[in-house]
2 protein chains.
Amino acid sequence: MKFSKFFIPTLREAPGDAAIVSHKLMMRSGMIRKLSNGLFAYLPLGLRSFRKVEAIVRQEMDAVGSLEVKPTVVVPGELWKESGRWDSMGDALLRVKNRLDVDFVVSPTAEEAFTSLVRDELSSYKQLPLNFYQINTKYRDEIRPRYGVMRGREFVMKDAYSFHADNAVDGSGESLDDTYQAMGGAYRRIFKRCGLTVIPVKADSGAMGGSGSEEFMVESEIGDNTLLLCPSCGYAANVEKASCKPDYQSGAEQIEVGQPAAAVGGAYEEAKTAALPPPELIDTPAVKTIDELCAFLKADAKTFIKTLVYRAVNVELDLSGAPHTYLKLEQKRLAPEAPPVYPQAFFAVCIRGDLAVNEVKLASLLKAGEVALASDSDVERITGAPVGFAGPVGLTSVPVIADETAAAIAGGGICGGLKKDKHFTNVAFGRDWTPWLISDVRTVVAGDKCPVCGGALYEKKGNELGHIFKLGKKYTSSMRVSFLDAAGKTQMPTMGCYGIGLDRTLASVIEEHHDDAGIIWPASIAPFHVVVIPVKYEGAAAACCDELEAGLSARGLDVLLDDRNERAGVKFNDADLIGIPWRIVVGDKNLGANPPQVEIKNRREKESRLVEKSKAAALIADYIAEEVSGGKG
Amino acid sequence: MKFSKFFIPTLREAPGDAAIVSHKLMMRSGMIRKLSNGLFAYLPLGLRSFRKVEAIVRQEMDAVGSLEVKPTVVVPGELWKESGRWDSMGDALLRVKNRLDVDFVVSPTAEEAFTSLVRDELSSYKQLPLNFYQINTKYRDEIRPRYGVMRGREFVMKDAYSFHADNAVDGSGESLDDTYQAMGGAYRRIFKRCGLTVIPVKADSGAMGGSGSEEFMVESEIGDNTLLLCPSCGYAANVEKASCKPDYQSGAEQIEVGQPAAAVGGAYEEAKTAALPPPELIDTPAVKTIDELCAFLKADAKTFIKTLVYRAVNVELDLSGAPHTYLKLEQKRLAPEAPPVYPQAFFAVCIRGDLAVNEVKLASLLKAGEVALASDSDVERITGAPVGFAGPVGLTSVPVIADETAAAIAGGGICGGLKKDKHFTNVAFGRDWTPWLISDVRTVVAGDKCPVCGGALYEKKGNELGHIFKLGKKYTSSMRVSFLDAAGKTQMPTMGCYGIGLDRTLASVIEEHHDDAGIIWPASIAPFHVVVIPVKYEGAAAACCDELEAGLSARGLDVLLDDRNERAGVKFNDADLIGIPWRIVVGDKNLGANPPQVEIKNRREKESRLVEKSKAAALIADYIAEEVSGGKG
């Protein structure tokens, strides 16, 4: 491709709204242009790299047997109403009414469309497993789109959905677990081939439902995820899901996390209450915060049983055995075949005074659509006191959930007294209060102990590029998908879903591979593998350039020939900015040597070197092949 | 690809709403499934052919130097307001408001997006010409989507837009004419490679503005276009634009079509009025239609000057010299840089009594956004009489436009008398009436004479697959795109646009290539080139099938291996239904021959034949290569 026939409008300066390296360099190198906030057009140069990422994703999906399909981008709102997400998805879902007043959605993701397709085709277990993917336009109505294509409103996602008769690993390669593992492998190969260093982390599957998921993160200062990483053993988790080893002593290991507390209460009673006086209700006038209380009582925050009241929406967890006098709990179904949920329920959550509750963990524990702190008036009605005096002793209006750190407070804890300006001291777990559930709902922070090896965790910000989920039967139940098993019995398939953001992957490669002069593309997704630059495109040099272009193209390489009538320095700068892995400079002087020579240089290296003109194409083709196959391995 | 690992849900019967062959066969062969009215998902089989069409289109666009870009599918409404199409496009434009109450459009076409991109980048004539294309999702909110993907709401279009400094053919290859010709050539190659017989026809460019356009049609019973074709010379035109040789005598050839009539009136006067008595106003009581009038006067409809009053909207034609007393004509601009238009104007159109006015030609003549018959009350106010008595004699309230057939009526015409129940006889063109314009606004019908050779035209229904336009400066003026020419003067670029519907192209191939058993794919876009069918997939036959699959794949062919445990007849029927060009049947009996043999059969032929197993792959590869390269030629 001749530069003069292509279109690379490079810029000296990035526009003012470009805050991160990839956004700046994609604008400066003429890869993209902004159409509107969060809407970007790929120009020819950018699209070449984009298509190469797309091709890698397609190859790896095909290699694990996922079959490509293409549903529409605009899909019937009806399907989203069936799944319940028409209501639950919020304003990021772009809803459209057409001229006939029918509801549509500009797809942000496609669980509904794929589930609907499979529902219409599936009848027998013999058809399973099914594994389909698409590479297609998506739209999320971000309020504040930022960072170029890293967080745009419209983007392209590869999303795959698999359907299985069961979830057990039976060696057949057909279970959800098998496909989940295979897709995870494909994801690792995709990112490796793109030259990306990803951190696979355990993630919470949040509102998606199901169990088991893995996020593929890249480190990024502007990442919207916080990761907890262990320097010793490689443990990595999203803060939403991260756990840690307890940093407390004395019997704490006996707590069975995630179990009803009644069974373990007895053991604590014996261990801790032997020498402890009974709880004492003391005056704590004008004390509002935990810090003030600690100062007032001269106590450590770690002895305080912080108690927070939460309101949860659409709770799927069975509450039939839970103490609960505040509201009458009634269940309903969000969709005909969906499991019943409590539209609203309240909970008191106890945690050690120096720690914070992780609402994502709490929502996951409750299988709730949403959790948030209860309103002041609800807190007053539930605890009988203004906000600030909640505590588990004598609290029966709502179920009490104890983070394991609250259950482990030894030697007499402090908690709110359920009366204005009153607190209890000498509170013993198991003797004075017994929660309905003990669980891990703590927000892990840097310095906490790695749950695997005990090393000190550290934090990083990360951006999610891909995500694989075991979705379970959330959609197949709400949208009523069924098949007959070998015994002729009606069953619901279980589902997995698997996504990669292509634009974000591309931008992340630039974040990882650049220097002050511009982008440094890995050969696998470089828009061109080689740029041929004549000092002047005329005479023998022009003939040599044409010959090199032909020779390189014949070897399957993508070649840019910079035939512009510009100074060599301008051409070098543009080549560095747009990040082409190899550069060949053709000048009369070196061509005049015997044998004729040209200068080659790798974008990552400072120095160029002379090679025989007749050997240059083969040499560079070898280098590129080596790099690309290395990425595949 | 093994059939058991693929997904081809064939159907014995097409669903009831499938009315045309391509829709039926795409459903039955498992190529597509319906998500909702006008919204179809491509399943793996259908997508394979779709991607091959896409690849052919991409190759041919690249070959003529068009550069691929990718704007978004959802684009700012603001751009459509700039061009004026936000208002003029009607309800087929899917408009969306996002959460911030900003207007967006789900693109039905992309003149605005491309013009906006170029506007931001263009400064100098040295950058021109520019020629960009995209292959991307489009949406048109059809009220009654029908015929499967032939007329869906969401579809994929390749749309290209070129920008030029000028329109003159100067041998540089850079003018709009040059690119228009090159794109036309690419379109012909695309359709040929897809195995399609297209009819390139002159078309009216309608509301798109500009001059010069060509539509690529396929014959179709359900086509929404009427084509006039000449059996002798190959002339082909859309009825909207079709012209014909006059079927009248005596001086008619002297009329200069499209010219103000004053200049030609004199010639007519002499030729026709010598022996004619003056017009006579006669009573025609209770006569409503032309047929009744003809019966009443015992006259031929060809002597009647039918006069119709039209209302036109947004008329760009300069009316400053036109007689016009009905309304005060005021101009306005639809967009800041757009040419001024008359928001509303009325015209009387005269045509020979046996013919019909072509409203598209009329709109094109007037450069109007829309034309329609005036309301009864407007007609009464304009003609001074109820509907049915309009005529050009003495009519001064609106400009009179004469179709050339009305101007050519010799020997005393008949027309409405501008009074209830009155008509004029003995009317002579040039003596008794002179129109403001003479033009061709006639609807050509089968039997009219070919404008090129005089042969009798015939009609066909056609579907438009592609369309190339010389857009001119419609968008570059309304959206204010400019550049500096070599002399440093500000100029507006001129534009061309070029579209192909990919889904419709694919469906049209099936319309042209099928039989009672199913689809008959051209090799170029067949989902698989060869299907290998074992009578039973076991033992030596299975080994032979695997070997054939490997050999064919190594030769670059796409192979389907039908490893299902089904009767051979079922597999043959499915292979015929999904239309794979070549079939290889592997059975123990033929394998036992010396040398071992297999049976090969072309989908178009009835008979199979035996070939040596070891030669089958090479033989079929040769046949396919021959067919594909033939299509390219």
# chains A, B, ... in the order shown; residues from 1 in each chain; ligands from 1

call {"tool": "residues_around", "arguments": {"residues": "stretch 426-429 of chain B", "least_positions_apart": "4", "cutoff": "9 Å", "atoms": "only C-alpha atoms", "output": "ChimeraX atom specification"}}
result
/B:265,268-269,272-273,276-280,305,393,406-415,433-435

call {"tool": "interface_residues", "arguments": {"of": "chain B", "to": "chain A", "cutoff": "6 Å", "atoms": "only C-alpha atoms", "output": "list in words"}}
result
Ala41, Tyr42, Leu43, Pro44, Glu68, Val69, Lys70, Pro71 and Val96 of chain B

call {"tool": "write_last_selection", "arguments": {"atoms": "N, CA and C atoms", "output": "PDB file, in the first residue's frame"}}
result
ATOM      1  N   ALA B  41     -31.660 -13.693  12.490  1.00  0.00           N
ATOM      2  CA  ALA B  41     -30.325 -14.104  12.920  1.00  0.00           C
ATOM      3  C   ALA B  41     -29.764 -15.054  11.881  1.00  0.00           C
ATOM      4  N   TYR B  42     -28.520 -14.834  11.485  1.00  0.00           N
ATOM      5  CA  TYR B  42     -27.825 -15.805  10.646  1.00  0.00           C
ATOM      6  C   TYR B  42     -27.289 -16.915  11.536  1.00  0.00           C
ATOM      7  N   LEU B  43     -27.624 -18.150  11.208  1.00  0.00           N
ATOM      8  CA  LEU B  43     -27.049 -19.289  11.904  1.00  0.00           C
ATOM      9  C   LEU B  43     -25.709 -19.627  11.224  1.00  0.00           C
ATOM     10  N   PRO B  44     -24.942 -20.563  11.781  1.00  0.00           N
ATOM     11  CA  PRO B  44     -23.578 -20.785  11.264  1.00  0.00           C
ATOM     12  C   PRO B  44     -23.509 -21.031   9.758  1.00  0.00           C
ATOM     13  N   GLU B  68     -11.414   1.103   3.616  1.00  0.00           N
ATOM     14  CA  GLU B  68     -12.443   0.724   4.586  1.00  0.00           C
ATOM     15  C   GLU B  68     -12.278   1.483   5.894  1.00  0.00           C
ATOM     16  N   VAL B  69     -13.379   1.979   6.391  1.00  0.00           N
ATOM     17  CA  VAL B  69     -13.428   2.631   7.703  1.00  0.00           C
ATOM     18  C   VAL B  69     -14.617   2.029   8.456  1.00  0.00           C
ATOM     19  N   LYS B  70     -14.746   2.406   9.738  1.00  0.00           N
ATOM     20  CA  LYS B  70     -15.878   1.889  10.511  1.00  0.00           C
ATOM     21  C   LYS B  70     -16.398   2.971  11.447  1.00  0.00           C
ATOM     22  N   PRO B  71     -17.374   3.736  10.984  1.00  0.00           N
ATOM     23  CA  PRO B  71     -18.022   4.666  11.897  1.00  0.00           C
ATOM     24  C   PRO B  71     -18.957   3.857  12.805  1.00  0.00           C
ATOM     25  N   VAL B  96     -33.650   7.812  18.277  1.00  0.00           N
ATOM     26  CA  VAL B  96     -33.538   7.393  19.677  1.00  0.00           C
ATOM     27  C   VAL B  96     -33.121   8.575  20.518  1.00  0.00           C
TER      28      VAL B  96
END

call {"tool": "select_by_dssp", "arguments": {"residues": "stretch 253-489 of chain A", "states": "strand (DSSP E)", "output": "ChimeraX atom specification"}}
result
/A:280-283,305-315,332-333,340-352,370-373,400-403,413-416,422-427,437-439,458-472,483-484

call {"tool": "residues_around", "arguments": {"residues": "stretch 563-569 of chain A", "least_positions_apart": "6", "cutoff": "7 Å", "atoms": "only C-alpha atoms", "output": "list in words"}}
result
Lys2, Phe3, Ser4, Val535 and Tyr537 of chain A

call {"tool": "closest_residue", "arguments": {"among": "A:Val445, A:Val313, A:Leu557, A:Ala523", "to": "A:Thr226", "atoms": "only C-alpha atoms"}}
result
A:Val445

call {"tool": "residues_around", "arguments": {"residues": "A:Asp558", "least_positions_apart": "5", "cutoff": "9 Å", "atoms": "only C-alpha atoms", "output": "PDB file with N, CA and C atoms, in the first residue's frame"}}
result
ATOM      1  N   MET A   1       0.843  -1.190   0.000  1.00  0.00           N
ATOM      2  CA  MET A   1       0.000   0.000   0.000  1.00  0.00           C
ATOM      3  C   MET A   1       0.882   1.246   0.000  1.00  0.00           C
ATOM      4  N   ALA A 526      -0.241  -5.479  14.127  1.00  0.00           N
ATOM      5  CA  ALA A 526       0.250  -4.232  13.519  1.00  0.00           C
ATOM      6  C   ALA A 526      -0.547  -3.958  12.241  1.00  0.00           C
ATOM      7  N   PRO A 527      -0.892  -2.707  11.989  1.00  0.00           N
ATOM      8  CA  PRO A 527      -1.642  -2.396  10.768  1.00  0.00           C
ATOM      9  C   PRO A 527      -0.822  -2.750   9.530  1.00  0.00           C
ATOM     10  N   PHE A 528       0.470  -2.529   9.597  1.00  0.00           N
ATOM     11  CA  PHE A 528       1.420  -2.981   8.578  1.00  0.00           C
ATOM     12  C   PHE A 528       2.596  -3.596   9.319  1.00  0.00           C
ATOM     13  N   HIS A 529       3.175  -4.636   8.730  1.00  0.00           N
ATOM     14  CA  HIS A 529       4.340  -5.242   9.365  1.00  0.00           C
ATOM     15  C   HIS A 529       5.605  -4.431   9.103  1.00  0.00           C
ATOM     16  N   VAL A 530       5.654  -3.849   7.933  1.00  0.00           N
ATOM     17  CA  VAL A 530       6.884  -3.177   7.493  1.00  0.00           C
ATOM     18  C   VAL A 530       6.539  -1.864   6.814  1.00  0.00           C
ATOM     19  N   VAL A 531       7.329  -0.831   7.080  1.00  0.00           N
ATOM     20  CA  VAL A 531       7.223   0.385   6.288  1.00  0.00           C
ATOM     21  C   VAL A 531       8.524   0.548   5.495  1.00  0.00           C
ATOM     22  N   GLU A 549       8.622  -3.909  -1.772  1.00  0.00           N
ATOM     23  CA  GLU A 549       7.197  -4.041  -1.445  1.00  0.00           C
ATOM     24  C   GLU A 549       6.649  -5.335  -2.048  1.00  0.00           C
ATOM     25  N   LEU A 552       8.122  -8.398  -0.098  1.00  0.00           N
ATOM     26  CA  LEU A 552       7.539  -8.551   1.238  1.00  0.00           C
ATOM     27  C   LEU A 552       6.086  -9.007   1.132  1.00  0.00           C
ATOM     28  N   SER A 553       5.323  -8.412   0.214  1.00  0.00           N
ATOM     29  CA  SER A 553       3.924  -8.791   0.038  1.00  0.00           C
ATOM     30  C   SER A 553       3.828 -10.257  -0.367  1.00  0.00           C
TER      31      SER A 553
END

call {"tool": "select_by_dssp", "arguments": {"residues": "stretch 87-190 of chain A", "states": "alpha helix (DSSP H)", "output": "ChimeraX atom specification"}}
result
/A:87-88,111-121,176-190

call {"tool": "residues_around", "arguments": {"residues": "stretch 617-625 of chain A", "least_positions_apart": "2", "cutoff": "12 Å", "atoms": "only C-alpha atoms", "output": "ChimeraX atom specification"}}
result
/A:521-526,528-532,544-559,580-584,598-602,610-615,627-632

call {"tool": "write_last_selection", "arguments": {"atoms": "C-alpha atoms", "output": "PDB file, in the first residue's frame"}}
result
ATOM      1  CA  TRP A 521       2.769  -2.743  17.679  1.00  0.00           C
ATOM      2  CA  PRO A 522       3.226  -6.444  18.258  1.00  0.00           C
ATOM      3  CA  ALA A 523       3.553  -7.950  14.756  1.00  0.00           C
ATOM      4  CA  SER A 524       0.334  -9.949  15.225  1.00  0.00           C
ATOM      5  CA  ILE A 525      -1.927  -6.916  15.119  1.00  0.00           C
ATOM      6  CA  ALA A 526       0.250  -4.232  13.519  1.00  0.00           C
ATOM      7  CA  PHE A 528       1.420  -2.981   8.578  1.00  0.00           C
ATOM      8  CA  HIS A 529       4.340  -5.242   9.365  1.00  0.00           C
ATOM      9  CA  VAL A 530       6.884  -3.177   7.493  1.00  0.00           C
ATOM     10  CA  VAL A 531       7.223   0.385   6.288  1.00  0.00           C
ATOM     11  CA  VAL A 532       9.533   0.993   3.349  1.00  0.00           C
ATOM     12  CA  CYS A 544      14.123  -0.706  -5.134  1.00  0.00           C
ATOM     13  CA  CYS A 545      11.183   0.283  -2.906  1.00  0.00           C
ATOM     14  CA  ASP A 546       8.690  -1.188  -5.370  1.00  0.00           C
ATOM     15  CA  GLU A 547      10.747  -4.363  -5.529  1.00  0.00           C
ATOM     16  CA  LEU A 548      10.928  -4.629  -1.742  1.00  0.00           C
ATOM     17  CA  GLU A 549       7.197  -4.041  -1.445  1.00  0.00           C
ATOM     18  CA  ALA A 550       6.532  -6.810  -3.949  1.00  0.00           C
ATOM     19  CA  GLY A 551       8.937  -9.179  -2.217  1.00  0.00           C
ATOM     20  CA  LEU A 552       7.539  -8.551   1.238  1.00  0.00           C
ATOM     21  CA  SER A 553       3.924  -8.791   0.038  1.00  0.00           C
ATOM     22  CA  ALA A 554       4.711 -12.068  -1.701  1.00  0.00           C
ATOM     23  CA  ARG A 555       5.831 -13.366   1.699  1.00  0.00           C
ATOM     24  CA  GLY A 556       2.417 -12.527   3.155  1.00  0.00           C
ATOM     25  CA  LEU A 557       3.466  -9.335   4.904  1.00  0.00           C
ATOM     26  CA  ASP A 558       1.491  -6.091   4.986  1.00  0.00           C
ATOM     27  CA  VAL A 559       3.683  -3.325   3.627  1.00  0.00           C
ATOM     28  CA  ILE A 580       5.105  -0.237  12.453  1.00  0.00           C
ATOM     29  CA  PRO A 581       7.344  -3.069  13.750  1.00  0.00           C
ATOM     30  CA  TRP A 582       9.982  -2.956  10.977  1.00  0.00           C
ATOM     31  CA  ARG A 583      11.359  -0.103   8.930  1.00  0.00           C
ATOM     32  CA  ILE A 584      13.442  -0.348   5.760  1.00  0.00           C
ATOM     33  CA  VAL A 598      19.333  -1.069   2.691  1.00  0.00           C
ATOM     34  CA  GLU A 599      18.954  -0.088   6.303  1.00  0.00           C
ATOM     35  CA  ILE A 600      16.576  -2.045   8.552  1.00  0.00           C
ATOM     36  CA  LYS A 601      15.424  -1.184  12.034  1.00  0.00           C
ATOM     37  CA  ASN A 602      13.068  -2.699  14.542  1.00  0.00           C
ATOM     38  CA  LEU A 610      22.663  -2.437   6.915  1.00  0.00           C
ATOM     39  CA  VAL A 611      21.658  -5.615   5.137  1.00  0.00           C
ATOM     40  CA  GLU A 612      21.952  -6.728   1.566  1.00  0.00           C
ATOM     41  CA  LYS A 613      19.011  -5.419  -0.403  1.00  0.00           C
ATOM     42  CA  SER A 614      18.344  -8.835  -1.906  1.00  0.00           C
ATOM     43  CA  LYS A 615      18.102 -10.460   1.531  1.00  0.00           C
ATOM     44  CA  GLU A 627       7.401 -13.128  16.649  1.00  0.00           C
ATOM     45  CA  VAL A 628       3.898 -14.101  15.545  1.00  0.00           C
ATOM     46  CA  SER A 629       4.379 -17.810  16.156  1.00  0.00           C
ATOM     47  CA  GLY A 630       5.917 -17.012  19.536  1.00  0.00           C
ATOM     48  CA  GLY A 631       2.737 -15.215  20.481  1.00  0.00           C
ATOM     49  CA  LYS A 632       0.667 -18.197  19.447  1.00  0.00           C
TER      50      LYS A 632
END

call {"tool": "atom_distance", "arguments": {"atom1": "atom CA of A:Pro340", "atom2": "atom CA of A:Glu82"}}
result
14.9 Å

call {"tool": "residues_around", "arguments": {"residues": "stretch 501-512 of chain B", "least_positions_apart": "4", "cutoff": "8 Å", "atoms": "only C-alpha atoms", "output": "PDB file with N, CA and C atoms, in the first residue's frame"}}
result
ATOM      1  N   VAL B  21     -39.034 -17.945  -2.587  1.00  0.00           N
ATOM      2  CA  VAL B  21     -38.138 -19.101  -2.563  1.00  0.00           C
ATOM      3  C   VAL B  21     -36.948 -18.901  -1.628  1.00  0.00           C
ATOM      4  N   SER B  22     -36.307 -17.733  -1.709  1.00  0.00           N
ATOM      5  CA  SER B  22     -35.101 -17.546  -0.903  1.00  0.00           C
ATOM      6  C   SER B  22     -35.426 -17.571   0.583  1.00  0.00           C
ATOM      7  N   HIS B  23     -36.532 -16.964   0.973  1.00  0.00           N
ATOM      8  CA  HIS B  23     -36.919 -16.978   2.375  1.00  0.00           C
ATOM      9  C   HIS B  23     -37.199 -18.414   2.826  1.00  0.00           C
ATOM     10  N   LEU B  25     -36.118 -21.256   1.490  1.00  0.00           N
ATOM     11  CA  LEU B  25     -34.939 -22.127   1.495  1.00  0.00           C
ATOM     12  C   LEU B  25     -33.935 -21.717   2.573  1.00  0.00           C
ATOM     13  N   SER B  49     -21.907 -18.242   4.120  1.00  0.00           N
ATOM     14  CA  SER B  49     -22.125 -17.650   2.798  1.00  0.00           C
ATOM     15  C   SER B  49     -22.140 -16.129   2.878  1.00  0.00           C
ATOM     16  N   PHE B  50     -22.765 -15.625   3.927  1.00  0.00           N
ATOM     17  CA  PHE B  50     -22.803 -14.170   4.110  1.00  0.00           C
ATOM     18  C   PHE B  50     -21.384 -13.593   4.147  1.00  0.00           C
ATOM     19  N   VAL B  53     -19.822 -13.420   0.692  1.00  0.00           N
ATOM     20  CA  VAL B  53     -20.290 -12.252  -0.060  1.00  0.00           C
ATOM     21  C   VAL B  53     -19.535 -11.007   0.434  1.00  0.00           C
ATOM     22  N   GLU B  54     -19.457 -10.898   1.753  1.00  0.00           N
ATOM     23  CA  GLU B  54     -18.759  -9.760   2.356  1.00  0.00           C
ATOM     24  C   GLU B  54     -17.306  -9.691   1.871  1.00  0.00           C
ATOM     25  N   VAL B 149     -34.721 -11.966   4.617  1.00  0.00           N
ATOM     26  CA  VAL B 149     -33.669 -10.944   4.631  1.00  0.00           C
ATOM     27  C   VAL B 149     -33.706 -10.071   3.379  1.00  0.00           C
ATOM     28  N   MET B 150     -34.630 -10.366   2.448  1.00  0.00           N
ATOM     29  CA  MET B 150     -34.723  -9.564   1.224  1.00  0.00           C
ATOM     30  C   MET B 150     -35.211  -8.145   1.539  1.00  0.00           C
ATOM     31  N   ARG B 151     -36.065  -8.031   2.545  1.00  0.00           N
ATOM     32  CA  ARG B 151     -36.552  -6.705   2.919  1.00  0.00           C
ATOM     33  C   ARG B 151     -36.727  -6.643   4.429  1.00  0.00           C
ATOM     34  N   PHE B 155     -30.198  -4.776   8.403  1.00  0.00           N
ATOM     35  CA  PHE B 155     -29.490  -5.434   7.311  1.00  0.00           C
ATOM     36  C   PHE B 155     -28.063  -4.898   7.295  1.00  0.00           C
ATOM     37  N   VAL B 156     -27.238  -5.522   6.464  1.00  0.00           N
ATOM     38  CA  VAL B 156     -25.862  -5.050   6.340  1.00  0.00           C
ATOM     39  C   VAL B 156     -25.682  -4.469   4.946  1.00  0.00           C
ATOM     40  N   MET B 157     -25.144  -3.280   4.898  1.00  0.00           N
ATOM     41  CA  MET B 157     -24.918  -2.631   3.620  1.00  0.00           C
ATOM     42  C   MET B 157     -23.434  -2.288   3.511  1.00  0.00           C
ATOM     43  N   LYS B 158     -22.903  -2.435   2.308  1.00  0.00           N
ATOM     44  CA  LYS B 158     -21.613  -1.830   2.000  1.00  0.00           C
ATOM     45  C   LYS B 158     -21.965  -0.478   1.420  1.00  0.00           C
ATOM     46  N   CYS B 194     -20.615 -13.374  -7.605  1.00  0.00           N
ATOM     47  CA  CYS B 194     -21.661 -14.014  -6.792  1.00  0.00           C
ATOM     48  C   CYS B 194     -22.596 -14.864  -7.653  1.00  0.00           C
ATOM     49  N   GLY B 195     -22.354 -14.876  -8.947  1.00  0.00           N
ATOM     50  CA  GLY B 195     -23.193 -15.700  -9.826  1.00  0.00           C
ATOM     51  C   GLY B 195     -24.529 -15.058 -10.159  1.00  0.00           C
ATOM     52  N   LEU B 196     -24.619 -13.762 -10.011  1.00  0.00           N
ATOM     53  CA  LEU B 196     -25.901 -13.082 -10.222  1.00  0.00           C
ATOM     54  C   LEU B 196     -25.994 -12.430 -11.595  1.00  0.00           C
ATOM     55  N   VAL B 218     -32.037  -7.100  -9.966  1.00  0.00           N
ATOM     56  CA  VAL B 218     -32.280  -8.478 -10.374  1.00  0.00           C
ATOM     57  C   VAL B 218     -33.772  -8.615 -10.622  1.00  0.00           C
ATOM     58  N   LEU B 465     -30.304  -4.279  -5.906  1.00  0.00           N
ATOM     59  CA  LEU B 465     -29.245  -4.825  -5.047  1.00  0.00           C
ATOM     60  C   LEU B 465     -28.171  -3.776  -4.776  1.00  0.00           C
ATOM     61  N   GLY B 466     -27.955  -2.921  -5.737  1.00  0.00           N
ATOM     62  CA  GLY B 466     -26.911  -1.922  -5.586  1.00  0.00           C
ATOM     63  C   GLY B 466     -27.311  -0.657  -6.299  1.00  0.00           C
ATOM     64  N   ILE B 519     -31.251 -25.256  -2.591  1.00  0.00           N
ATOM     65  CA  ILE B 519     -30.346 -24.233  -3.120  1.00  0.00           C
ATOM     66  C   ILE B 519     -29.290 -24.884  -4.018  1.00  0.00           C
ATOM     67  N   ILE B 520     -28.803 -24.133  -4.994  1.00  0.00           N
ATOM     68  CA  ILE B 520     -27.663 -24.584  -5.820  1.00  0.00           C
ATOM     69  C   ILE B 520     -26.625 -23.470  -5.768  1.00  0.00           C
ATOM     70  N   TRP B 521     -25.704 -23.548  -4.812  1.00  0.00           N
ATOM     71  CA  TRP B 521     -24.762 -22.437  -4.626  1.00  0.00           C
ATOM     72  C   TRP B 521     -23.724 -22.353  -5.736  1.00  0.00           C
TER      73      TRP B 521
END

call {"tool": "atom_distance", "arguments": {"atom1": "atom CA of B:Arg144", "atom2": "atom CA of B:Arg28"}}
result
22.4 Å
